[in-house]
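Content type compact mmCIF, N, CA and C atoms, from the file final.txt:
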# COMPACT_ATOMS: atom_id res chain seq x y z
N MET A 27 43.10 125.26 184.58
CA MET A 27 41.71 125.57 184.36
C MET A 27 41.07 124.41 183.60
N LYS A 28 39.89 124.03 184.02
CA LYS A 28 39.19 122.92 183.39
C LYS A 28 37.88 123.46 182.80
N LEU A 29 37.70 123.25 181.50
CA LEU A 29 36.48 123.67 180.80
C LEU A 29 35.54 122.49 180.65
N THR A 30 34.29 122.76 180.29
CA THR A 30 33.30 121.71 180.08
C THR A 30 33.05 121.54 178.58
N ALA A 31 33.01 120.32 178.12
CA ALA A 31 32.67 120.03 176.72
C ALA A 31 31.43 119.15 176.71
N LYS A 32 30.45 119.56 175.97
CA LYS A 32 29.23 118.77 175.82
C LYS A 32 28.87 118.84 174.33
N PRO A 33 29.32 117.86 173.54
CA PRO A 33 29.16 117.94 172.09
C PRO A 33 27.70 117.93 171.62
N ARG A 34 26.80 117.30 172.39
CA ARG A 34 25.38 117.24 172.00
C ARG A 34 24.53 117.39 173.25
N TYR A 35 23.43 118.11 173.10
CA TYR A 35 22.45 118.21 174.18
C TYR A 35 21.11 118.64 173.59
N TRP A 36 20.05 118.45 174.36
CA TRP A 36 18.70 118.82 173.93
C TRP A 36 18.34 120.19 174.48
N PHE A 37 17.82 121.03 173.62
CA PHE A 37 17.45 122.41 173.91
C PHE A 37 15.94 122.55 173.76
N THR A 38 15.29 123.16 174.76
CA THR A 38 13.85 123.41 174.71
C THR A 38 13.65 124.91 174.50
N PRO A 39 13.33 125.32 173.27
CA PRO A 39 13.20 126.76 173.01
C PRO A 39 11.96 127.36 173.67
N ASN A 40 12.10 128.57 174.15
CA ASN A 40 10.98 129.31 174.73
C ASN A 40 10.28 130.03 173.58
N TRP A 41 9.34 129.33 172.96
CA TRP A 41 8.74 129.76 171.69
C TRP A 41 7.28 129.35 171.65
N LYS A 42 6.39 130.29 171.40
CA LYS A 42 4.95 130.03 171.22
C LYS A 42 4.34 129.19 172.34
N GLY A 43 4.69 129.46 173.59
CA GLY A 43 4.13 128.71 174.71
C GLY A 43 4.70 127.32 174.88
N ASN A 44 5.79 127.02 174.21
CA ASN A 44 6.40 125.70 174.26
C ASN A 44 6.76 125.28 175.68
N ALA A 45 7.27 126.21 176.48
CA ALA A 45 7.70 125.89 177.85
C ALA A 45 6.52 125.50 178.74
N ASP A 46 5.31 125.92 178.38
CA ASP A 46 4.12 125.62 179.18
C ASP A 46 3.50 124.25 178.87
N LEU A 47 3.96 123.62 177.80
CA LEU A 47 3.42 122.31 177.41
C LEU A 47 3.97 121.21 178.32
N PRO A 48 3.25 120.10 178.44
CA PRO A 48 3.78 118.95 179.20
C PRO A 48 5.09 118.45 178.57
N ASP A 49 5.93 117.82 179.38
CA ASP A 49 7.25 117.37 178.92
C ASP A 49 7.23 116.63 177.59
N GLY A 50 6.36 115.69 177.41
CA GLY A 50 6.35 114.87 176.19
C GLY A 50 5.82 115.58 174.95
N GLU A 51 5.31 116.80 175.10
CA GLU A 51 4.73 117.52 173.97
C GLU A 51 5.56 118.73 173.53
N ARG A 52 6.57 119.07 174.30
CA ARG A 52 7.40 120.24 173.98
C ARG A 52 8.27 119.99 172.76
N VAL A 53 8.45 121.05 171.97
CA VAL A 53 9.43 120.99 170.89
C VAL A 53 10.81 121.00 171.52
N GLU A 54 11.62 120.02 171.15
CA GLU A 54 13.00 119.94 171.63
C GLU A 54 13.92 119.81 170.43
N VAL A 55 15.07 120.44 170.52
CA VAL A 55 16.02 120.48 169.42
C VAL A 55 17.36 119.97 169.92
N GLU A 56 17.92 118.99 169.22
CA GLU A 56 19.24 118.48 169.59
C GLU A 56 20.30 119.40 169.01
N ILE A 57 21.07 120.01 169.88
CA ILE A 57 22.14 120.92 169.48
C ILE A 57 23.44 120.13 169.37
N ILE A 58 24.11 120.28 168.24
CA ILE A 58 25.43 119.70 168.02
C ILE A 58 26.41 120.87 168.05
N ARG A 59 27.20 120.93 169.10
CA ARG A 59 28.10 122.06 169.27
C ARG A 59 29.10 122.16 168.12
N PRO A 60 29.31 123.35 167.60
CA PRO A 60 30.31 123.51 166.53
C PRO A 60 31.72 123.41 167.10
N LYS A 61 32.62 122.91 166.28
CA LYS A 61 34.03 122.89 166.65
C LYS A 61 34.54 124.33 166.66
N ALA A 62 35.57 124.58 167.40
CA ALA A 62 36.14 125.93 167.48
C ALA A 62 36.50 126.46 166.10
N GLU A 63 37.04 125.58 165.24
CA GLU A 63 37.47 126.02 163.91
C GLU A 63 36.29 126.36 163.00
N ASP A 64 35.09 125.89 163.31
CA ASP A 64 33.91 126.14 162.47
C ASP A 64 33.10 127.34 162.92
N ARG A 65 33.36 127.87 164.10
CA ARG A 65 32.54 128.95 164.65
C ARG A 65 32.53 130.21 163.78
N ALA A 66 33.63 130.50 163.12
CA ALA A 66 33.72 131.71 162.30
C ALA A 66 32.77 131.66 161.10
N ASN A 67 32.33 130.48 160.70
CA ASN A 67 31.43 130.35 159.55
C ASN A 67 29.96 130.50 159.92
N LEU A 68 29.65 130.67 161.20
CA LEU A 68 28.26 130.65 161.64
C LEU A 68 27.62 132.02 161.82
N VAL A 69 28.42 133.04 162.07
CA VAL A 69 27.91 134.39 162.32
C VAL A 69 28.69 135.38 161.48
N PHE A 70 27.97 136.31 160.86
CA PHE A 70 28.59 137.34 160.06
C PHE A 70 28.16 138.71 160.57
N ALA A 71 29.06 139.67 160.50
CA ALA A 71 28.73 141.05 160.84
C ALA A 71 28.65 141.83 159.53
N GLU A 72 27.63 142.62 159.39
CA GLU A 72 27.41 143.40 158.18
C GLU A 72 27.36 144.87 158.57
N THR A 73 28.17 145.69 157.93
CA THR A 73 28.19 147.12 158.21
C THR A 73 27.39 147.84 157.13
N VAL A 74 26.51 148.72 157.56
CA VAL A 74 25.68 149.49 156.65
C VAL A 74 25.94 150.96 156.90
N GLN A 75 26.30 151.69 155.86
CA GLN A 75 26.54 153.13 155.99
C GLN A 75 25.49 153.89 155.20
N GLU A 76 24.98 154.94 155.80
CA GLU A 76 24.06 155.83 155.10
C GLU A 76 24.85 157.10 154.78
N ILE A 77 24.92 157.41 153.49
CA ILE A 77 25.68 158.57 153.04
C ILE A 77 24.71 159.72 152.81
N GLY A 78 25.08 160.89 153.32
CA GLY A 78 24.28 162.09 153.12
C GLY A 78 25.08 163.11 152.34
N THR A 79 24.40 164.12 151.86
CA THR A 79 25.08 165.20 151.16
C THR A 79 24.74 166.51 151.84
N ALA A 80 25.71 167.41 151.86
CA ALA A 80 25.50 168.73 152.44
C ALA A 80 24.64 169.56 151.51
N ALA A 81 24.15 170.64 152.01
CA ALA A 81 23.35 171.55 151.19
C ALA A 81 24.12 171.89 149.93
N GLY A 82 23.45 171.84 148.81
CA GLY A 82 24.12 172.11 147.54
C GLY A 82 24.60 170.84 146.86
N GLY A 83 24.68 169.73 147.61
CA GLY A 83 24.98 168.43 147.03
C GLY A 83 26.43 168.19 146.65
N LYS A 84 27.35 169.09 147.02
CA LYS A 84 28.74 168.91 146.61
C LYS A 84 29.52 168.01 147.55
N ASP A 85 29.32 168.16 148.83
CA ASP A 85 30.09 167.39 149.81
C ASP A 85 29.23 166.27 150.39
N SER A 86 29.77 165.07 150.40
CA SER A 86 29.04 163.95 151.01
C SER A 86 29.68 163.61 152.35
N PHE A 87 28.89 163.00 153.21
CA PHE A 87 29.37 162.61 154.52
C PHE A 87 28.62 161.36 154.97
N VAL A 88 29.19 160.67 155.94
CA VAL A 88 28.54 159.48 156.49
C VAL A 88 27.51 159.96 157.51
N ARG A 89 26.25 159.68 157.25
CA ARG A 89 25.17 160.11 158.13
C ARG A 89 25.02 159.15 159.31
N SER A 90 25.09 157.86 159.03
CA SER A 90 24.98 156.87 160.11
C SER A 90 25.66 155.57 159.69
N VAL A 91 26.07 154.83 160.69
CA VAL A 91 26.67 153.52 160.48
C VAL A 91 25.98 152.55 161.42
N SER A 92 25.57 151.42 160.90
CA SER A 92 25.00 150.39 161.76
C SER A 92 25.66 149.06 161.45
N ILE A 93 25.75 148.23 162.46
CA ILE A 93 26.33 146.90 162.29
C ILE A 93 25.27 145.89 162.67
N ARG A 94 25.00 144.98 161.75
CA ARG A 94 24.01 143.93 161.98
C ARG A 94 24.71 142.58 162.02
N THR A 95 24.24 141.74 162.91
CA THR A 95 24.75 140.38 162.99
C THR A 95 23.79 139.47 162.25
N LYS A 96 24.34 138.62 161.41
CA LYS A 96 23.51 137.67 160.66
C LYS A 96 24.04 136.26 160.90
N PHE A 97 23.09 135.34 161.03
CA PHE A 97 23.45 133.93 161.20
C PHE A 97 23.53 133.25 159.84
N ASN A 98 24.42 132.28 159.73
CA ASN A 98 24.47 131.41 158.56
C ASN A 98 23.48 130.28 158.84
N VAL A 99 22.20 130.54 158.56
CA VAL A 99 21.11 129.65 158.94
C VAL A 99 21.26 128.27 158.29
N ARG A 100 21.58 128.23 157.04
CA ARG A 100 21.72 126.94 156.34
C ARG A 100 22.79 126.08 157.01
N GLU A 101 23.94 126.67 157.28
CA GLU A 101 25.03 125.94 157.93
C GLU A 101 24.62 125.42 159.30
N ILE A 102 23.98 126.28 160.08
CA ILE A 102 23.58 125.90 161.43
C ILE A 102 22.54 124.79 161.41
N LEU A 103 21.48 124.95 160.63
CA LEU A 103 20.41 123.95 160.62
C LEU A 103 20.87 122.61 160.05
N ASN A 104 21.73 122.64 159.05
CA ASN A 104 22.16 121.39 158.42
C ASN A 104 23.28 120.69 159.16
N ASN A 105 24.12 121.43 159.89
CA ASN A 105 25.29 120.81 160.52
C ASN A 105 25.31 120.85 162.04
N ASN A 106 24.48 121.69 162.65
CA ASN A 106 24.55 121.84 164.10
C ASN A 106 23.24 121.54 164.80
N VAL A 107 22.28 121.01 164.07
CA VAL A 107 21.02 120.56 164.66
C VAL A 107 20.84 119.10 164.26
N GLY A 108 20.72 118.25 165.28
CA GLY A 108 20.49 116.83 165.02
C GLY A 108 19.00 116.56 164.92
N GLY A 109 18.46 115.91 165.92
CA GLY A 109 17.05 115.57 165.93
C GLY A 109 16.18 116.73 166.40
N VAL A 110 14.91 116.65 166.03
CA VAL A 110 13.90 117.60 166.49
C VAL A 110 12.70 116.78 166.92
N LYS A 111 12.19 117.06 168.12
CA LYS A 111 11.04 116.33 168.64
C LYS A 111 9.80 117.21 168.65
N ASN A 112 8.65 116.61 168.32
CA ASN A 112 7.33 117.23 168.48
C ASN A 112 7.10 118.47 167.63
N LEU A 113 7.61 118.48 166.41
CA LEU A 113 7.38 119.61 165.52
C LEU A 113 6.84 119.08 164.19
N SER A 114 5.68 119.58 163.80
CA SER A 114 5.11 119.16 162.53
C SER A 114 4.43 120.34 161.86
N VAL A 115 4.15 120.19 160.58
CA VAL A 115 3.54 121.23 159.76
C VAL A 115 2.35 120.63 159.03
N ASP A 116 1.26 121.37 158.99
CA ASP A 116 0.11 120.98 158.17
C ASP A 116 0.36 121.53 156.77
N GLN A 117 0.65 120.65 155.83
CA GLN A 117 0.97 121.05 154.47
C GLN A 117 -0.08 120.48 153.52
N ASP A 118 -0.97 121.35 153.08
CA ASP A 118 -2.06 120.94 152.18
C ASP A 118 -2.87 119.79 152.76
N GLY A 119 -3.17 119.87 154.06
CA GLY A 119 -3.99 118.85 154.71
C GLY A 119 -3.24 117.61 155.15
N THR A 120 -1.94 117.57 154.94
CA THR A 120 -1.13 116.43 155.34
C THR A 120 -0.15 116.88 156.42
N GLU A 121 -0.04 116.10 157.48
CA GLU A 121 0.91 116.42 158.54
C GLU A 121 2.31 115.97 158.13
N VAL A 122 3.24 116.90 158.12
CA VAL A 122 4.64 116.61 157.78
C VAL A 122 5.46 116.86 159.03
N LYS A 123 6.15 115.84 159.51
CA LYS A 123 6.99 115.99 160.71
C LYS A 123 8.34 116.58 160.31
N LEU A 124 8.76 117.56 161.10
CA LEU A 124 10.09 118.15 160.93
C LEU A 124 10.97 117.55 162.02
N GLU A 125 11.71 116.50 161.68
CA GLU A 125 12.44 115.73 162.68
C GLU A 125 13.94 115.98 162.69
N THR A 126 14.41 116.86 161.80
CA THR A 126 15.84 117.19 161.75
C THR A 126 16.00 118.68 161.45
N GLY A 127 17.19 119.17 161.70
CA GLY A 127 17.50 120.55 161.32
C GLY A 127 17.42 120.73 159.81
N ALA A 128 17.84 119.72 159.06
CA ALA A 128 17.77 119.79 157.60
C ALA A 128 16.31 119.93 157.13
N ALA A 129 15.39 119.26 157.81
CA ALA A 129 13.97 119.36 157.45
C ALA A 129 13.44 120.77 157.73
N ILE A 130 13.89 121.38 158.82
CA ILE A 130 13.49 122.76 159.10
C ILE A 130 14.05 123.69 158.03
N SER A 131 15.27 123.45 157.60
CA SER A 131 15.94 124.35 156.65
C SER A 131 15.24 124.40 155.29
N VAL A 132 14.53 123.37 154.91
CA VAL A 132 13.84 123.38 153.61
C VAL A 132 12.33 123.58 153.75
N SER A 133 11.87 123.79 154.97
CA SER A 133 10.44 123.97 155.20
C SER A 133 9.99 125.37 154.76
N THR A 134 8.78 125.44 154.24
CA THR A 134 8.19 126.72 153.87
C THR A 134 7.09 127.13 154.84
N ALA A 135 7.06 126.51 156.02
CA ALA A 135 6.01 126.76 157.01
C ALA A 135 6.10 128.18 157.56
N TYR A 136 4.93 128.75 157.81
CA TYR A 136 4.85 130.06 158.45
C TYR A 136 5.15 129.91 159.95
N GLY A 137 5.76 130.91 160.55
CA GLY A 137 5.97 130.92 161.99
C GLY A 137 7.27 130.30 162.46
N LEU A 138 8.13 129.89 161.55
CA LEU A 138 9.39 129.25 161.95
C LEU A 138 10.51 130.25 162.22
N SER A 139 10.37 131.48 161.81
CA SER A 139 11.48 132.44 161.91
C SER A 139 11.99 132.60 163.33
N ARG A 140 11.09 132.79 164.28
CA ARG A 140 11.52 132.98 165.67
C ARG A 140 12.19 131.72 166.22
N LEU A 141 11.66 130.55 165.88
CA LEU A 141 12.28 129.29 166.32
C LEU A 141 13.70 129.18 165.75
N ILE A 142 13.86 129.50 164.48
CA ILE A 142 15.18 129.44 163.84
C ILE A 142 16.14 130.41 164.51
N ASP A 143 15.66 131.62 164.84
CA ASP A 143 16.51 132.59 165.54
C ASP A 143 16.99 132.04 166.88
N LEU A 144 16.08 131.40 167.62
CA LEU A 144 16.44 130.84 168.93
C LEU A 144 17.45 129.71 168.79
N ILE A 145 17.26 128.86 167.78
CA ILE A 145 18.20 127.76 167.53
C ILE A 145 19.58 128.32 167.18
N CYS A 146 19.61 129.30 166.29
CA CYS A 146 20.90 129.89 165.88
C CYS A 146 21.61 130.55 167.06
N ALA A 147 20.85 131.26 167.89
CA ALA A 147 21.45 131.89 169.06
C ALA A 147 22.01 130.85 170.02
N GLU A 148 21.29 129.74 170.18
CA GLU A 148 21.76 128.68 171.08
C GLU A 148 23.03 128.02 170.55
N VAL A 149 23.06 127.73 169.25
CA VAL A 149 24.24 127.08 168.66
C VAL A 149 25.47 127.97 168.75
N THR A 150 25.30 129.26 168.56
CA THR A 150 26.45 130.17 168.54
C THR A 150 26.83 130.69 169.92
N SER A 151 26.01 130.43 170.94
CA SER A 151 26.35 130.90 172.28
C SER A 151 27.51 130.07 172.83
N ASP A 152 28.19 130.66 173.77
CA ASP A 152 29.33 129.96 174.37
C ASP A 152 29.08 129.72 175.85
N ILE A 153 27.81 129.59 176.20
CA ILE A 153 27.43 129.38 177.60
C ILE A 153 26.64 128.09 177.70
N LEU A 154 27.01 127.25 178.63
CA LEU A 154 26.29 126.01 178.90
C LEU A 154 25.65 126.16 180.27
N THR A 155 24.32 126.19 180.29
CA THR A 155 23.62 126.39 181.56
C THR A 155 23.66 125.12 182.40
N ASP A 156 23.33 125.25 183.68
CA ASP A 156 23.30 124.08 184.56
C ASP A 156 22.30 123.06 184.07
N THR A 157 21.16 123.51 183.54
CA THR A 157 20.14 122.59 183.02
C THR A 157 20.70 121.79 181.86
N GLU A 158 21.41 122.45 180.95
CA GLU A 158 21.99 121.76 179.80
C GLU A 158 23.09 120.79 180.23
N LYS A 159 23.85 121.13 181.26
CA LYS A 159 24.89 120.24 181.77
C LYS A 159 24.28 118.94 182.28
N LYS A 160 23.09 119.05 182.85
CA LYS A 160 22.45 117.88 183.45
C LYS A 160 21.69 117.04 182.42
N SER A 161 21.30 117.64 181.29
CA SER A 161 20.54 116.89 180.29
C SER A 161 21.45 115.92 179.56
N SER A 162 20.84 114.89 178.99
CA SER A 162 21.67 113.94 178.25
C SER A 162 21.16 113.76 176.86
Give the structure from the file, written as structure tokens.
Amino acid sequence: MKLTAKPRYWFTPNWKGNADLPDGERVEVEIIRPKAEDRANLVFAETVQEIGTAAGGKDSFVRSVSIRTKFNVREILNNNVGGVKNLSVDQDGTEVKLETGAAISVSTAYGLSRLIDLICAEVTSDILTDTEKKSS
């Protein structure tokens, strides 16, 4: 069996109409694939239990259990995102370019949450699409 390895590629997130922009204006993010040994540090599962009590308050029981997946955002943005194209923030009247994952990680700009979620999902996915295989 032969697998494909692509250590770096450019990802165009489907975010805020980004896909509808002309090629040279789209936000693009360079993804640096994590090594197999580092993947366990990127995603965490968190279990939340809601405890209830029976009438009279003497007996307790588990009312519900939920499992949430959380990304290690700092790790992903600082170590698995290289360059960023066409992303800037208006900060007190000054345009600040966010050209790296590290710059996104320390930004206080509004509206970045969904972009960060898309980046984290892309970094932690184990699927390489045909488009990504062809990009350089």
- Would you please work out which residue, of A:Arg65, A:Arg34, A:Lys28, A:Lys111, is nearest to Thr150 (chain A) when using all atoms listed in the file? A:Arg65
- Ala128 (chain A): which residues within 12 Å, counting only C-alpha atoms, same-chain residues fewer than 6 positions away excluded, as JSON, numbers by chain? {"A": [55, 99, 100, 101, 102, 103, 104, 105, 106, 107, 108, 109, 110, 142]}
- Would you mind writing down, as a PyMOL selection string, each residue of region 30-156 of chain A that DSSP on the backbone assigns to strand (DSSP E)? chain A and resi 34-37+54-58+69-79+86-97+107-111+114-117+120-123
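Distances to Pro39 (chain A) were evaluated for A:Pro60, A:Leu141, A:Asp152, A:Glu76 using all atoms listed in the file, and the minimum falls at A:Leu141.
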- Query: Do you have the CA of Thr120 (chain A)-CA of Tyr136 (chain A) distance handy?
  - Reply: 15.2 Å
- Item | Expected answer as number ranges by chain: helix (DSSP H, G or I) residues in chain A | A: 44-46, 49-51, 62-67, 99-105, 127-131, 139-150, 156-160
- Message: Within 7 Å of (29.3, 151.1, 155.3) in the file's own coordinates, which protein, DNA or RNA residues have an atom, counting all atoms listed in the file? List them as a PyMOL selection string.
- Response: chain A and resi 73-76+91-92
- Message: Here is a test: counting all atoms listed in the file, which residue of A:Glu148, A:Arg140, A:Thr30, A:Gly127 is nearest to Lys42 (chain A)?
- Response: A:Arg140
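The space separating CA of Leu113 (chain A) from CA of Leu68 (chain A) comes to 23.9 Å.
Here CA of Asp85 (chain A) stands at a distance of 27.4 Å from atom C of Ala71 (chain A).
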Quick one: what's the axis-aligned box for region 71-80 of chain A, all listed atoms, 5 Å on every side, centre and edges in Å to one decimal, as lines of an AutoDock Vina configuration file?
center_x = 26.6
center_y = 154.6
center_z = 156.0
size_x = 15.0
size_y = 39.9
size_z = 19.7
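Residue nearest Lys32 (chain A) within the list A:Ile58, A:Val88, A:Val132, A:Ala80: A:Ile58 [criterion: smallest interatomic distance, only C-alpha atoms].
Nearest to Ala147 (chain A) of all the residues A:Thr79, A:Thr38, A:Ala66, A:Phe97 is A:Phe97, based on all atoms listed in the file.
Closest approach to Ser131 (chain A) among A:Met27, A:Cys146, A:Thr95, A:Gln117 is made by A:Cys146 (distances from only C-alpha atoms).
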